[in-house]
Structure formats: C-alpha cells, structure tokens
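Chemist: Input structure: entry_7.csv, which contains CSV, N, CA and C atoms.
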```csv
chain,number,residue,atom,x,y,z
J,1,MET,N,51.0,152.0,181.4
J,1,MET,CA,50.1,150.9,181.4
J,1,MET,C,50.8,149.6,181.2
J,2,ILE,N,50.2,148.5,181.7
J,2,ILE,CA,50.9,147.2,181.5
J,2,ILE,C,50.5,146.6,180.2
J,3,THR,N,51.5,146.2,179.4
J,3,THR,CA,51.4,145.7,178.1
J,3,THR,C,50.8,144.3,178.1
J,4,PRO,N,50.4,143.7,177.0
J,4,PRO,CA,50.0,142.3,177.0
J,4,PRO,C,51.2,141.4,177.4
J,5,ALA,N,52.4,141.8,177.2
J,5,ALA,CA,53.6,141.0,177.6
J,5,ALA,C,53.8,141.1,179.1
J,6,GLY,N,53.1,142.0,179.8
J,6,GLY,CA,53.2,142.1,181.3
J,6,GLY,C,54.3,143.1,181.7
J,7,LEU,N,54.7,144.0,180.8
J,7,LEU,CA,55.7,145.1,181.2
J,7,LEU,C,55.0,146.4,181.2
J,8,GLU,N,55.6,147.3,182.0
J,8,GLU,CA,55.1,148.7,182.0
J,8,GLU,C,55.6,149.5,180.8
J,9,CYS,N,54.7,150.2,180.1
J,9,CYS,CA,55.2,151.0,178.9
J,9,CYS,C,54.2,152.2,178.8
J,10,HIS,N,54.7,153.4,178.8
J,10,HIS,CA,53.7,154.5,178.7
J,10,HIS,C,53.3,154.8,177.3
J,11,TYR,N,53.8,154.1,176.3
J,11,TYR,CA,53.3,154.2,174.9
J,11,TYR,C,52.1,153.2,174.6
J,12,TYR,N,51.9,152.3,175.5
J,12,TYR,CA,50.8,151.3,175.3
J,12,TYR,C,49.5,151.9,175.9
J,13,TYR,N,48.4,151.7,175.2
J,13,TYR,CA,47.1,152.1,175.7
J,13,TYR,C,46.1,151.1,175.4
J,14,GLU,N,45.2,150.8,176.4
J,14,GLU,CA,44.1,149.9,176.2
J,14,GLU,C,42.9,150.5,176.9
J,15,ASP,N,41.7,150.1,176.4
J,15,ASP,CA,40.4,150.6,176.9
J,15,ASP,C,39.4,149.5,176.7
J,16,PHE,N,39.0,148.8,177.8
J,16,PHE,CA,38.0,147.8,177.8
J,16,PHE,C,36.8,148.2,178.6
J,17,ALA,N,36.7,149.4,179.0
J,17,ALA,CA,35.6,149.9,179.8
J,17,ALA,C,34.3,150.1,178.9
J,18,ARG,N,33.2,149.8,179.5
J,18,ARG,CA,31.9,150.0,178.9
J,18,ARG,C,31.8,149.4,177.5
J,19,GLY,N,32.3,148.1,177.4
J,19,GLY,CA,32.1,147.4,176.1
J,19,GLY,C,33.2,147.7,175.1
J,20,ALA,N,34.1,148.7,175.4
J,20,ALA,CA,35.1,149.0,174.4
J,20,ALA,C,36.1,147.9,174.3
J,21,SER,N,36.7,147.8,173.2
J,21,SER,CA,37.8,146.8,173.0
J,21,SER,C,38.9,147.5,172.1
J,22,ARG,N,39.8,148.2,172.8
J,22,ARG,CA,40.8,149.0,172.1
J,22,ARG,C,42.1,148.8,172.7
J,23,GLN,N,43.1,148.4,171.9
J,23,GLN,CA,44.5,148.3,172.3
J,23,GLN,C,45.3,149.0,171.2
J,24,GLU,N,46.3,149.8,171.6
J,24,GLU,CA,47.2,150.5,170.6
J,24,GLU,C,48.5,150.8,171.2
J,25,CYS,N,49.5,150.9,170.3
J,25,CYS,CA,50.8,151.4,170.7
J,25,CYS,C,50.9,152.8,170.2
J,26,ARG,N,51.2,153.7,171.1
J,26,ARG,CA,51.2,155.2,170.7
J,26,ARG,C,52.6,155.7,170.4
J,27,ALA,N,53.6,154.7,170.3
J,27,ALA,CA,55.0,155.1,170.0
J,27,ALA,C,55.0,155.5,168.5
J,28,ALA,N,55.8,156.5,168.2
J,28,ALA,CA,56.0,156.9,166.8
J,28,ALA,C,56.5,155.7,166.0
J,29,LYS,N,56.0,155.5,164.8
J,29,LYS,CA,56.4,154.4,163.9
J,29,LYS,C,57.2,155.0,162.8
J,30,VAL,N,58.2,154.2,162.4
J,30,VAL,CA,58.9,154.5,161.1
J,30,VAL,C,57.9,154.3,160.0
J,31,PRO,N,58.0,155.1,158.9
J,31,PRO,CA,57.0,155.0,157.9
J,31,PRO,C,56.9,153.6,157.2
J,32,ARG,N,57.9,152.9,157.1
J,32,ARG,CA,57.9,151.6,156.5
J,32,ARG,C,57.5,150.5,157.5
J,33,SER,N,57.1,150.8,158.7
J,33,SER,CA,56.8,149.8,159.7
J,33,SER,C,55.5,149.1,159.4
J,34,ALA,N,55.4,147.8,159.8
J,34,ALA,CA,54.2,147.0,159.7
J,34,ALA,C,53.2,147.5,160.7
J,35,VAL,N,51.9,147.1,160.5
J,35,VAL,CA,50.9,147.5,161.5
J,35,VAL,C,51.1,146.8,162.8
J,36,TRP,N,50.9,147.6,163.9
J,36,TRP,CA,51.2,147.0,165.3
J,36,TRP,C,50.1,146.0,165.6
J,37,ARG,N,50.5,145.0,166.3
J,37,ARG,CA,49.5,144.0,166.9
J,37,ARG,C,49.9,143.8,168.4
J,38,PRO,N,49.0,143.5,169.2
J,38,PRO,CA,49.3,143.3,170.7
J,38,PRO,C,50.4,142.2,170.9
J,39,THR,N,50.5,141.3,170.0
J,39,THR,CA,51.6,140.3,170.2
J,39,THR,C,53.0,140.8,170.0
J,40,ASP,N,53.1,142.0,169.4
J,40,ASP,CA,54.4,142.6,169.1
J,40,ASP,C,55.0,143.1,170.4
J,41,CYS,N,54.3,143.3,171.5
J,41,CYS,CA,54.8,143.7,172.8
J,41,CYS,C,55.8,142.7,173.4
J,42,ALA,N,55.6,141.5,173.0
J,42,ALA,CA,56.4,140.4,173.6
J,42,ALA,C,57.9,140.6,173.3
J,43,ASP,N,58.2,141.1,172.1
J,43,ASP,CA,59.6,141.3,171.6
J,43,ASP,C,60.1,142.7,171.6
J,44,CYS,N,59.3,143.6,172.1
J,44,CYS,CA,59.6,145.0,172.0
J,44,CYS,C,60.6,145.5,173.1
J,45,PRO,N,61.7,146.2,172.7
J,45,PRO,CA,62.7,146.6,173.7
J,45,PRO,C,62.3,147.9,174.4
J,46,VAL,N,61.2,148.6,174.0
J,46,VAL,CA,60.9,149.9,174.5
J,46,VAL,C,60.7,149.9,176.0
J,47,PRO,N,59.9,149.0,176.6
J,47,PRO,CA,59.7,149.0,178.1
J,47,PRO,C,61.1,149.0,178.8
J,48,SER,N,62.0,148.2,178.4
J,48,SER,CA,63.3,148.1,179.1
J,48,SER,C,64.1,149.4,178.9
J,49,ILE,N,64.0,150.0,177.7
J,49,ILE,CA,64.7,151.3,177.5
J,49,ILE,C,64.1,152.4,178.4
J,50,LEU,N,62.8,152.4,178.5
J,50,LEU,CA,62.1,153.4,179.3
J,50,LEU,C,62.4,153.2,180.8
J,51,ALA,N,62.5,152.0,181.2
J,51,ALA,CA,62.9,151.7,182.6
J,51,ALA,C,64.3,152.1,183.0
J,52,ALA,N,65.2,152.0,182.0
J,52,ALA,CA,66.6,152.3,182.3
J,52,ALA,C,66.9,153.8,182.1
J,53,ASN,N,66.2,154.5,181.2
J,53,ASN,CA,66.5,155.8,180.9
J,53,ASN,C,65.3,156.7,181.1
J,54,GLY,N,65.4,157.6,182.1
J,54,GLY,CA,64.3,158.5,182.4
J,54,GLY,C,64.4,159.9,181.8
J,55,SER,N,65.2,160.0,180.8
J,55,SER,CA,65.5,161.3,180.1
J,55,SER,C,64.3,161.9,179.5
J,56,THR,N,64.1,163.2,179.8
J,56,THR,CA,62.9,163.9,179.2
J,56,THR,C,63.2,164.3,177.7
J,57,THR,N,64.4,164.2,177.2
J,57,THR,CA,64.7,164.5,175.9
J,57,THR,C,64.8,163.2,175.0
J,58,LEU,N,64.5,162.1,175.5
J,58,LEU,CA,64.5,160.8,174.8
J,58,LEU,C,63.3,160.7,173.9
J,59,GLU,N,63.5,160.4,172.6
J,59,GLU,CA,62.4,160.2,171.7
J,59,GLU,C,62.6,158.8,171.0
J,60,LEU,N,61.6,158.0,171.0
J,60,LEU,CA,61.8,156.7,170.4
J,60,LEU,C,60.8,156.5,169.2
J,61,ARG,N,61.3,155.8,168.2
J,61,ARG,CA,60.5,155.4,167.1
J,61,ARG,C,60.7,154.0,166.8
J,62,ILE,N,59.6,153.2,166.6
J,62,ILE,CA,59.8,151.8,166.4
J,62,ILE,C,59.6,151.4,164.9
J,63,LEU,N,60.2,150.3,164.6
J,63,LEU,CA,60.0,149.7,163.3
J,63,LEU,C,59.7,148.2,163.5
J,64,ILE,N,58.5,147.9,163.1
J,64,ILE,CA,58.0,146.5,163.2
J,64,ILE,C,58.1,145.9,161.8
J,65,SER,N,58.9,144.8,161.8
J,65,SER,CA,59.1,144.1,160.5
J,65,SER,C,58.6,142.6,160.7
J,66,ARG,N,58.0,142.1,159.7
J,66,ARG,CA,57.5,140.7,159.7
J,66,ARG,C,58.3,140.0,158.6
J,67,LYS,N,59.0,138.9,159.0
J,67,LYS,CA,59.8,138.2,158.1
J,67,LYS,C,59.1,136.8,157.9
J,68,LYS,N,59.2,136.3,156.7
J,68,LYS,CA,58.5,135.1,156.3
J,68,LYS,C,59.2,133.9,157.0
J,69,LEU,N,60.5,133.9,157.1
J,69,LEU,CA,61.2,132.8,157.6
J,69,LEU,C,61.3,132.8,159.2
J,70,ARG,N,61.1,133.9,159.8
J,70,ARG,CA,61.0,134.0,161.2
J,70,ARG,C,59.6,133.9,161.7
J,71,LEU,N,59.4,133.3,162.8
J,71,LEU,CA,58.0,133.0,163.3
J,71,LEU,C,57.4,134.3,163.8
J,72,GLY,N,58.1,135.1,164.5
J,72,GLY,CA,57.5,136.3,165.2
J,72,GLY,C,57.9,137.6,164.5
J,73,PRO,N,57.4,138.7,165.0
J,73,PRO,CA,57.8,140.0,164.5
J,73,PRO,C,59.1,140.4,165.1
J,74,CYS,N,59.7,141.3,164.4
J,74,CYS,CA,61.0,141.9,164.9
J,74,CYS,C,60.8,143.4,165.1
J,75,VAL,N,60.9,143.8,166.3
J,75,VAL,CA,60.7,145.2,166.7
J,75,VAL,C,62.1,145.9,167.0
J,76,THR,N,62.4,146.9,166.2
J,76,THR,CA,63.7,147.6,166.4
J,76,THR,C,63.3,149.1,166.8
J,77,VAL,N,64.3,149.7,167.5
J,77,VAL,CA,64.0,151.0,168.0
J,77,VAL,C,65.0,152.0,167.5
J,78,GLU,N,64.6,153.2,167.0
J,78,GLU,CA,65.5,154.3,166.7
J,78,GLU,C,65.3,155.3,167.8
J,79,ALA,N,66.4,155.7,168.5
J,79,ALA,CA,66.4,156.6,169.6
J,79,ALA,C,67.0,157.9,169.2
J,80,TRP,N,66.4,159.0,169.6
J,80,TRP,CA,66.8,160.4,169.3
J,80,TRP,C,66.8,161.2,170.6
J,81,CYS,N,67.7,162.1,170.7
J,81,CYS,CA,67.7,163.1,171.7
J,81,CYS,C,67.1,164.4,171.1
J,82,SER,N,66.1,165.0,171.7
J,82,SER,CA,65.5,166.2,171.1
J,82,SER,C,66.4,167.4,171.1
J,83,LEU,N,67.5,167.3,171.8
J,83,LEU,CA,68.4,168.4,171.8
J,83,LEU,C,69.6,168.2,170.9
J,84,HIS,N,70.1,166.9,170.8
J,84,HIS,CA,71.3,166.6,170.1
J,84,HIS,C,71.2,165.7,168.9
J,85,GLY,N,70.1,165.2,168.6
J,85,GLY,CA,69.9,164.4,167.4
J,85,GLY,C,70.0,162.9,167.7
J,86,PRO,N,70.4,162.1,166.8
J,86,PRO,CA,70.4,160.6,166.9
J,86,PRO,C,71.3,160.2,168.0
J,87,ILE,N,70.8,159.1,168.8
J,87,ILE,CA,71.6,158.6,169.8
J,87,ILE,C,72.4,157.4,169.3
J,88,ASP,N,73.7,157.5,169.3
J,88,ASP,CA,74.6,156.4,168.9
J,88,ASP,C,74.8,155.4,170.1
J,89,GLY,N,74.8,154.1,169.8
J,89,GLY,CA,75.0,153.2,170.8
J,89,GLY,C,73.7,152.8,171.5
J,90,ASP,N,73.8,152.4,172.7
J,90,ASP,CA,72.6,151.8,173.5
J,90,ASP,C,71.7,152.9,173.9
J,91,PRO,N,70.4,152.9,173.5
J,91,PRO,CA,69.5,153.9,174.0
J,91,PRO,C,69.2,153.8,175.5
J,92,ARG,N,69.5,152.7,176.1
J,92,ARG,CA,69.3,152.6,177.6
J,92,ARG,C,70.2,153.6,178.3
J,93,VAL,N,71.4,153.9,177.7
J,93,VAL,CA,72.3,154.8,178.3
J,93,VAL,C,71.9,156.2,178.0
J,94,GLY,N,71.4,156.5,176.9
J,94,GLY,CA,70.9,157.8,176.5
J,94,GLY,C,71.9,158.6,175.7
J,95,CYS,N,71.7,159.9,175.6
J,95,CYS,CA,72.5,160.8,174.9
J,95,CYS,C,73.8,161.1,175.6
J,96,THR,N,74.9,160.8,175.0
J,96,THR,CA,76.2,161.0,175.7
J,96,THR,C,76.5,162.5,176.0
J,97,GLU,N,76.0,163.4,175.1
J,97,GLU,CA,76.2,164.8,175.4
J,97,GLU,C,75.3,165.3,176.6
J,98,CYS,N,74.1,164.8,176.7
J,98,CYS,CA,73.2,165.2,177.8
J,98,CYS,C,73.8,164.6,179.1
J,99,ASN,N,74.3,163.4,179.0
J,99,ASN,CA,75.0,162.7,180.2
J,99,ASN,C,76.2,163.5,180.6
J,100,ALA,N,77.0,164.0,179.7
J,100,ALA,CA,78.2,164.8,180.0
J,100,ALA,C,77.7,166.1,180.7
J,101,ASP,N,76.7,166.7,180.2
J,101,ASP,CA,76.2,168.0,180.8
J,101,ASP,C,75.7,167.8,182.2
J,102,SER,N,75.0,166.6,182.4
J,102,SER,CA,74.5,166.3,183.7
J,102,SER,C,75.7,166.0,184.7
J,103,ASP,N,76.7,165.4,184.2
J,103,ASP,CA,77.9,165.1,185.1
J,103,ASP,C,78.6,166.4,185.5
J,104,ASP,N,78.7,167.3,184.5
J,104,ASP,CA,79.3,168.6,184.8
J,104,ASP,C,78.5,169.4,185.8
J,105,LEU,N,77.2,169.4,185.7
J,105,LEU,CA,76.3,170.1,186.6
J,105,LEU,C,76.5,169.5,188.0
J,106,LEU,N,76.5,168.2,188.1
J,106,LEU,CA,76.6,167.5,189.4
J,106,LEU,C,78.0,167.8,190.0
J,107,ARG,N,79.1,167.8,189.2
J,107,ARG,CA,80.4,168.1,189.8
J,107,ARG,C,80.5,169.5,190.3
J,108,ARG,N,79.8,170.5,189.6
J,108,ARG,CA,79.8,171.9,190.1
J,108,ARG,C,79.0,172.0,191.3
J,109,ALA,N,77.9,171.3,191.4
J,109,ALA,CA,77.1,171.4,192.6
J,109,ALA,C,77.8,170.8,193.9
J,110,LEU,N,78.5,169.7,193.7
J,110,LEU,CA,79.2,169.0,194.8
J,110,LEU,C,80.6,169.6,195.1
J,111,GLY,N,81.1,170.3,194.1
J,111,GLY,CA,82.5,170.7,194.3
J,111,GLY,C,82.6,172.1,194.7
```
Before we go any further, please render this structure as structure tokens.

Modeler:
Amino acid sequence: MITPAGLECHYYYEDFARGASRQECRAAKVPRSAVWRPTDCADCPVPSILAANGSTTLELRILISRKKLRLGPCVTVEAWCSLHGPIDGDPRVGCTECNADSDDLLRRALG
C-alpha cells in the first residue's frame, strides 16, 4: 500500500471504506518503541529496504523514538534473517550468508 509519505510499503495498512478511518503500521515494533503515527512514514527507511531487498527471509523490526530537541521522530530498523540471525551492515544488501548461498547456487547452475 502507499504510505502517507507516498512510498510503497507492505507493512502499512489503511482503510477508509464505508466511513472507516484506520491507518496502521504492521511492522513488528521493538518493545521500547513509541506509538506509531502516520507522520512517522516520512522518515521511515523500511520502504527503501523492501524495494532494494526482496529476500523472503528478511525480518524487520522498527524503533520509533521521539526526542525533545529534535523536531520529528526518529525511525530505526533492526534487520534479521530468519535463517541466520541478525544482519550486520546495511539491511538493503541483506544477509551475507544467504547471498553467498545464492551466488554458489547460481555458479553451479551456470557452470
């Protein structure tokens, strides 16, 4: 679905049909995360991560923090591979172990 920020994200859900007024983020939240608001989509890195990485083993959790000195919210992402655990580095690249397995499979298929 298209977020209020205008980006495609499969974690975002809205329903305005038949008089309903419902907007929500269905991404898993870190327990200490602040409550989600539609304005949080403007700074959220999740849509760009999902656009860059189509891995079926990718799991994302978000942490929304509101700071008094900063004007807007800060959204950070924790990325996990369901097969290999936490993803170190850029979640747009994905799990290095899954990528290595895919590369090996491709080499065997082409070689």

Chemist: Within 6 Å of stretch 60-70 of chain J, counting all atoms listed in the file, which residues show up once you throw out same-chain ones fewer than 2 positions away? Write them as a PDB file with N, CA and C atoms, in the coordinates of the input, please.

Modeler:
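Written out: out10.pdb:
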```pdb
ATOM      1  N   ALA J  27      53.600 154.700 170.300  1.00  0.00           N
ATOM      2  CA  ALA J  27      55.000 155.100 170.000  1.00  0.00           C
ATOM      3  C   ALA J  27      55.000 155.500 168.500  1.00  0.00           C
ATOM      4  N   ALA J  28      55.800 156.500 168.200  1.00  0.00           N
ATOM      5  CA  ALA J  28      56.000 156.900 166.800  1.00  0.00           C
ATOM      6  C   ALA J  28      56.500 155.700 166.000  1.00  0.00           C
ATOM      7  N   LYS J  29      56.000 155.500 164.800  1.00  0.00           N
ATOM      8  CA  LYS J  29      56.400 154.400 163.900  1.00  0.00           C
ATOM      9  C   LYS J  29      57.200 155.000 162.800  1.00  0.00           C
ATOM     10  N   VAL J  30      58.200 154.200 162.400  1.00  0.00           N
ATOM     11  CA  VAL J  30      58.900 154.500 161.100  1.00  0.00           C
ATOM     12  C   VAL J  30      57.900 154.300 160.000  1.00  0.00           C
ATOM     13  N   SER J  33      57.100 150.800 158.700  1.00  0.00           N
ATOM     14  CA  SER J  33      56.800 149.800 159.700  1.00  0.00           C
ATOM     15  C   SER J  33      55.500 149.100 159.400  1.00  0.00           C
ATOM     16  N   ALA J  34      55.400 147.800 159.800  1.00  0.00           N
ATOM     17  CA  ALA J  34      54.200 147.000 159.700  1.00  0.00           C
ATOM     18  C   ALA J  34      53.200 147.500 160.700  1.00  0.00           C
ATOM     19  N   LEU J  58      64.500 162.100 175.500  1.00  0.00           N
ATOM     20  CA  LEU J  58      64.500 160.800 174.800  1.00  0.00           C
ATOM     21  C   LEU J  58      63.300 160.700 173.900  1.00  0.00           C
ATOM     22  N   GLY J  72      58.100 135.100 164.500  1.00  0.00           N
ATOM     23  CA  GLY J  72      57.500 136.300 165.200  1.00  0.00           C
ATOM     24  C   GLY J  72      57.900 137.600 164.500  1.00  0.00           C
ATOM     25  N   PRO J  73      57.400 138.700 165.000  1.00  0.00           N
ATOM     26  CA  PRO J  73      57.800 140.000 164.500  1.00  0.00           C
ATOM     27  C   PRO J  73      59.100 140.400 165.100  1.00  0.00           C
ATOM     28  N   CYS J  74      59.700 141.300 164.400  1.00  0.00           N
ATOM     29  CA  CYS J  74      61.000 141.900 164.900  1.00  0.00           C
ATOM     30  C   CYS J  74      60.800 143.400 165.100  1.00  0.00           C
ATOM     31  N   VAL J  75      60.900 143.800 166.300  1.00  0.00           N
ATOM     32  CA  VAL J  75      60.700 145.200 166.700  1.00  0.00           C
ATOM     33  C   VAL J  75      62.100 145.900 167.000  1.00  0.00           C
ATOM     34  N   THR J  76      62.400 146.900 166.200  1.00  0.00           N
ATOM     35  CA  THR J  76      63.700 147.600 166.400  1.00  0.00           C
ATOM     36  C   THR J  76      63.300 149.100 166.800  1.00  0.00           C
ATOM     37  N   VAL J  77      64.300 149.700 167.500  1.00  0.00           N
ATOM     38  CA  VAL J  77      64.000 151.000 168.000  1.00  0.00           C
ATOM     39  C   VAL J  77      65.000 152.000 167.500  1.00  0.00           C
ATOM     40  N   GLU J  78      64.600 153.200 167.000  1.00  0.00           N
ATOM     41  CA  GLU J  78      65.500 154.300 166.700  1.00  0.00           C
ATOM     42  C   GLU J  78      65.300 155.300 167.800  1.00  0.00           C
ATOM     43  N   ALA J  79      66.400 155.700 168.500  1.00  0.00           N
ATOM     44  CA  ALA J  79      66.400 156.600 169.600  1.00  0.00           C
ATOM     45  C   ALA J  79      67.000 157.900 169.200  1.00  0.00           C
ATOM     46  N   TRP J  80      66.400 159.000 169.600  1.00  0.00           N
ATOM     47  CA  TRP J  80      66.800 160.400 169.300  1.00  0.00           C
ATOM     48  C   TRP J  80      66.800 161.200 170.600  1.00  0.00           C
TER      49      TRP J  80
END
```

Chemist: Can you pull out every residue within 6 Å of stretch 40-48 of chain J, counting all atoms listed in the file, but drop anything in the same chain fewer than 4 positions away, and send it as an MDAnalysis selection string?

Modeler: chainID J and resid 5 8:9 52:53 75

Chemist: Can you work out the spacing between atom CA of J:Leu50 and atom CA of J:Val35 in Å, to one decimal?

Modeler: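 Atom CA of J:Leu50 sits 21.8 Å away from atom CA of J:Val35.
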
Chemist: May I have the residues within 12 Å of J:Asn99 as a PyMOL selection string, using only C-alpha atoms and disregarding those fewer than 3 positions away in the same chain?

Modeler: chain J and resi 53-55+57-58+81+84+87+92-96+102-106

Chemist: Provide the atom C of J:Ala20 to atom CA of J:Thr39 distance in Å, to one decimal place.

Modeler: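 Pair atom C of J:Ala20 / atom CA of J:Thr39 returns 17.7 Å.
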
Chemist: For the strand (DSSP E) assignment from backbone DSSP, which residues of chain J qualify? Please present them as a ChimeraX atom specification.

Modeler: /J:12-15,22-25,28-29,58-66,73-81,85-86

Chemist: For atom N of J:Thr3 and atom CA of J:Pro38, determine how far apart the two atoms are, in Å to one decimal place.

Modeler: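 Distance reported for this atom pair: 9.4 Å.
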
Chemist: Please identify which residues in chain J DSSP calls helix (DSSP H, G or I) from the backbone, and express them as number ranges by chain.

Modeler: J: 17-19, 38-43, 46-52, 96-110

Chemist: Under the rule that only C-alpha atoms are counted, which of J:Leu83, J:Glu97, J:Arg108, J:Gln23 is the nearest residue to J:Glu59?

Modeler: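 Under the stated criterion, the closest residue is J:Leu83.
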